[in-house]
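Peer 1: Can you read through this structure? Questions will come right after.
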Amino acid sequence: MKITTAVDSPAANRWKGNAMRRIVDIGRRIELVPIDPHFHDITIGLYRQQTVDATTGQQSPVFSVHTYSRISGAVERIENIRQAMQTLGGMLKTPDGLLYFPCKDGHEAACRRVFLEACKLGPNTRAEPRPLNILDKKSQLTIKVDSTGKGIYRVSTEGEGRGAARRVSAIAGGLMKLGEMGSIETDAKDTVVFECAESHDALVGLLLIRAPNVRVVLREAEMEASRGVLAAPSQQR
């Protein structure tokens, strides 16, 4: 006679199967905010998945913002971050809440930055696209980035300041590191390009803010990653 325990019951097996599917469906974690200071210190992760285009049959990356927390309001907080990522990074959203870039490329490093910047905004703070110019405090120059088409962006300066050529080269290099962009050989070392060959103005505007201090940004990211652990559901509120 076969004895069915509670652990082996059909209901329990269905629960385990559903739980496993939920875990698998999350995807590969690529970034983490261990403590969200704007919402009860919950942990929020960014995950990369693959989806198949129904028309072309080709795979393309999509991104999921997820928390294990079941505290009241957590769902709304996650949706708030998704909406901010759409604005800040020029991303689009599928009907089931997955994010992707219009070009259908991953741009994973840039997506991580969009996620981190979106998480810095409180629930009542409206996200706005960043302009393609900033004041560089180090040189007192206005740094401009202009799109020339096919994913190509050129960095230039306006105003009177110090070391214009050096700062242009440094900021172009910062954009390359933060956005995993390529370079186009010019004497001024001022031109960068997305491999997808499509424009991403909102994304470049976001990256431009951090590009002048890219070493500090990358060092902070490493420190966060070294201490960040996504807590299990039982450990979250």
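Ordered as shown in the structure tokens, chains take letters A, B, and onward, while each chain numbers its residues from 1 and ligands are numbered from 1 in the order shown.
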Looking only at strand (DSSP E or B) from DSSP on the backbone, list the matching residues of chain A as a VMD selection string.

Peer 2: chain A and resid 28 to 33 44 to 52 59 to 66 92 to 93 99 to 100 133 to 136 141 to 149 152 to 158 182 to 183 191 to 193

Peer 1: Set the distance at 6 Å and use only C-alpha atoms: which residues neighbour region 55-65 of chain A once local chain neighbours fewer than 2 positions away are removed? I'd like the list as a list in words.

Peer 2: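 Counting only the stated atoms, we get Gly45, Leu46, Tyr47, Arg48, Gln49, Gln50, Thr51, Val52, Asp53, Leu98, Leu99, Tyr100, Lys104 and Gly106 of chain A.
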
Peer 1: Residues as selected, all heavy atoms, written as a compact mmCIF listing (two decimals), in the first residue's frame, can you do that?

Peer 2:
```txt
# COMPACT_ATOMS: atom_id res chain seq x y z
N GLY A 45 15.68 43.67 -6.62
CA GLY A 45 16.64 43.16 -7.58
C GLY A 45 16.21 43.43 -9.01
O GLY A 45 15.03 43.57 -9.31
N LEU A 46 17.20 43.49 -9.89
CA LEU A 46 16.97 43.61 -11.33
C LEU A 46 17.44 42.32 -11.98
O LEU A 46 18.58 41.89 -11.77
CB LEU A 46 17.73 44.80 -11.91
CG LEU A 46 17.62 45.00 -13.43
CD1 LEU A 46 16.20 45.41 -13.81
CD2 LEU A 46 18.63 46.04 -13.92
N TYR A 47 16.56 41.70 -12.77
CA TYR A 47 16.85 40.40 -13.37
C TYR A 47 16.74 40.48 -14.89
O TYR A 47 15.91 41.20 -15.44
CB TYR A 47 15.86 39.35 -12.86
CG TYR A 47 16.01 39.08 -11.38
CD1 TYR A 47 15.47 39.95 -10.43
CD2 TYR A 47 16.70 37.96 -10.93
CE1 TYR A 47 15.62 39.72 -9.08
CE2 TYR A 47 16.84 37.73 -9.56
CZ TYR A 47 16.31 38.61 -8.66
OH TYR A 47 16.45 38.38 -7.31
N ARG A 48 17.60 39.71 -15.54
CA ARG A 48 17.58 39.64 -17.00
C ARG A 48 16.99 38.31 -17.44
O ARG A 48 17.37 37.25 -16.94
CB ARG A 48 18.98 39.80 -17.57
CG ARG A 48 19.06 39.63 -19.08
CD ARG A 48 20.39 40.05 -19.64
NE ARG A 48 20.50 39.72 -21.06
CZ ARG A 48 21.35 40.31 -21.89
NH1 ARG A 48 22.17 41.24 -21.45
NH2 ARG A 48 21.39 39.97 -23.16
N GLN A 49 16.08 38.37 -18.39
CA GLN A 49 15.47 37.19 -18.97
C GLN A 49 15.59 37.25 -20.49
O GLN A 49 16.04 38.25 -21.05
CB GLN A 49 13.98 37.11 -18.60
CG GLN A 49 13.69 37.13 -17.10
CD GLN A 49 12.21 37.16 -16.81
OE1 GLN A 49 11.37 36.84 -17.66
NE2 GLN A 49 11.85 37.55 -15.59
N GLN A 50 15.21 36.18 -21.15
CA GLN A 50 15.17 36.14 -22.60
C GLN A 50 13.73 35.89 -23.04
O GLN A 50 13.02 35.09 -22.44
CB GLN A 50 16.06 35.03 -23.15
CG GLN A 50 17.56 35.26 -22.95
CD GLN A 50 18.09 36.41 -23.78
OE1 GLN A 50 18.61 37.39 -23.24
NE2 GLN A 50 17.95 36.33 -25.10
N THR A 51 13.30 36.59 -24.07
CA THR A 51 11.99 36.37 -24.63
C THR A 51 12.12 36.11 -26.12
O THR A 51 13.13 36.48 -26.73
CB THR A 51 11.07 37.59 -24.39
OG1 THR A 51 9.75 37.29 -24.80
CG2 THR A 51 11.56 38.81 -25.15
N VAL A 52 11.13 35.48 -26.70
CA VAL A 52 11.16 35.15 -28.12
C VAL A 52 10.14 36.01 -28.85
O VAL A 52 8.96 36.05 -28.48
CB VAL A 52 10.86 33.65 -28.36
CG1 VAL A 52 10.85 33.34 -29.85
CG2 VAL A 52 11.88 32.79 -27.63
N ASP A 53 10.58 36.71 -29.88
CA ASP A 53 9.70 37.55 -30.68
C ASP A 53 8.75 36.66 -31.48
O ASP A 53 9.18 35.78 -32.23
CB ASP A 53 10.52 38.42 -31.62
CG ASP A 53 9.66 39.47 -32.32
OD1 ASP A 53 8.81 39.10 -33.14
OD2 ASP A 53 9.86 40.67 -32.02
N LEU A 98 7.57 43.51 -17.99
CA LEU A 98 8.99 43.36 -18.29
C LEU A 98 9.46 44.54 -19.11
O LEU A 98 8.74 45.05 -19.96
CB LEU A 98 9.24 42.05 -19.04
CG LEU A 98 8.85 40.77 -18.29
CD1 LEU A 98 9.02 39.55 -19.19
CD2 LEU A 98 9.68 40.61 -17.02
N LEU A 99 10.70 44.98 -18.85
CA LEU A 99 11.24 46.15 -19.51
C LEU A 99 12.24 45.77 -20.60
O LEU A 99 12.95 44.76 -20.47
CB LEU A 99 11.93 47.05 -18.48
CG LEU A 99 11.03 47.60 -17.36
CD1 LEU A 99 11.89 48.21 -16.26
CD2 LEU A 99 10.04 48.62 -17.90
N TYR A 100 12.30 46.60 -21.64
CA TYR A 100 13.27 46.35 -22.71
C TYR A 100 13.56 47.65 -23.44
O TYR A 100 12.79 48.62 -23.36
CB TYR A 100 12.75 45.29 -23.68
CG TYR A 100 11.50 45.69 -24.45
CD1 TYR A 100 11.58 46.21 -25.74
CD2 TYR A 100 10.23 45.58 -23.88
CE1 TYR A 100 10.45 46.60 -26.44
CE2 TYR A 100 9.08 45.97 -24.57
CZ TYR A 100 9.21 46.47 -25.85
OH TYR A 100 8.07 46.87 -26.54
N LYS A 104 15.92 46.44 -28.90
CA LYS A 104 15.87 45.01 -28.56
C LYS A 104 17.24 44.45 -28.15
O LYS A 104 17.39 43.24 -27.96
CB LYS A 104 15.31 44.17 -29.71
CG LYS A 104 13.90 44.56 -30.14
CD LYS A 104 12.89 44.28 -29.04
CE LYS A 104 11.48 44.65 -29.46
NZ LYS A 104 10.94 43.77 -30.50
N GLY A 106 20.48 44.27 -25.32
CA GLY A 106 20.48 44.21 -23.86
C GLY A 106 20.94 45.48 -23.17
O GLY A 106 20.30 45.96 -22.24
```

Peer 1: I need the residue nearest Asp136 (chain A) from this list: A:Ile42, A:Val75, A:Ala188, A:Ala211. Use only C-alpha atoms for the distance.

Peer 2: A:Ala211

Peer 1: Would you return as an MDAnalysis selection string the members of region 108-200 of chain A that DSSP assigns to alpha helix (DSSP H) on this structure's backbone?

Peer 2: chainID A and resid 108:119 164:179

Peer 1: Which residues come within 12 Å of region 84-95 of chain A, counting only C-alpha atoms, excluding same-chain residues fewer than 5 positions away, as a PyMOL selection string?

Peer 2: chain A and resi 46+51+53+61-65+77-79+100-131+179+199-209
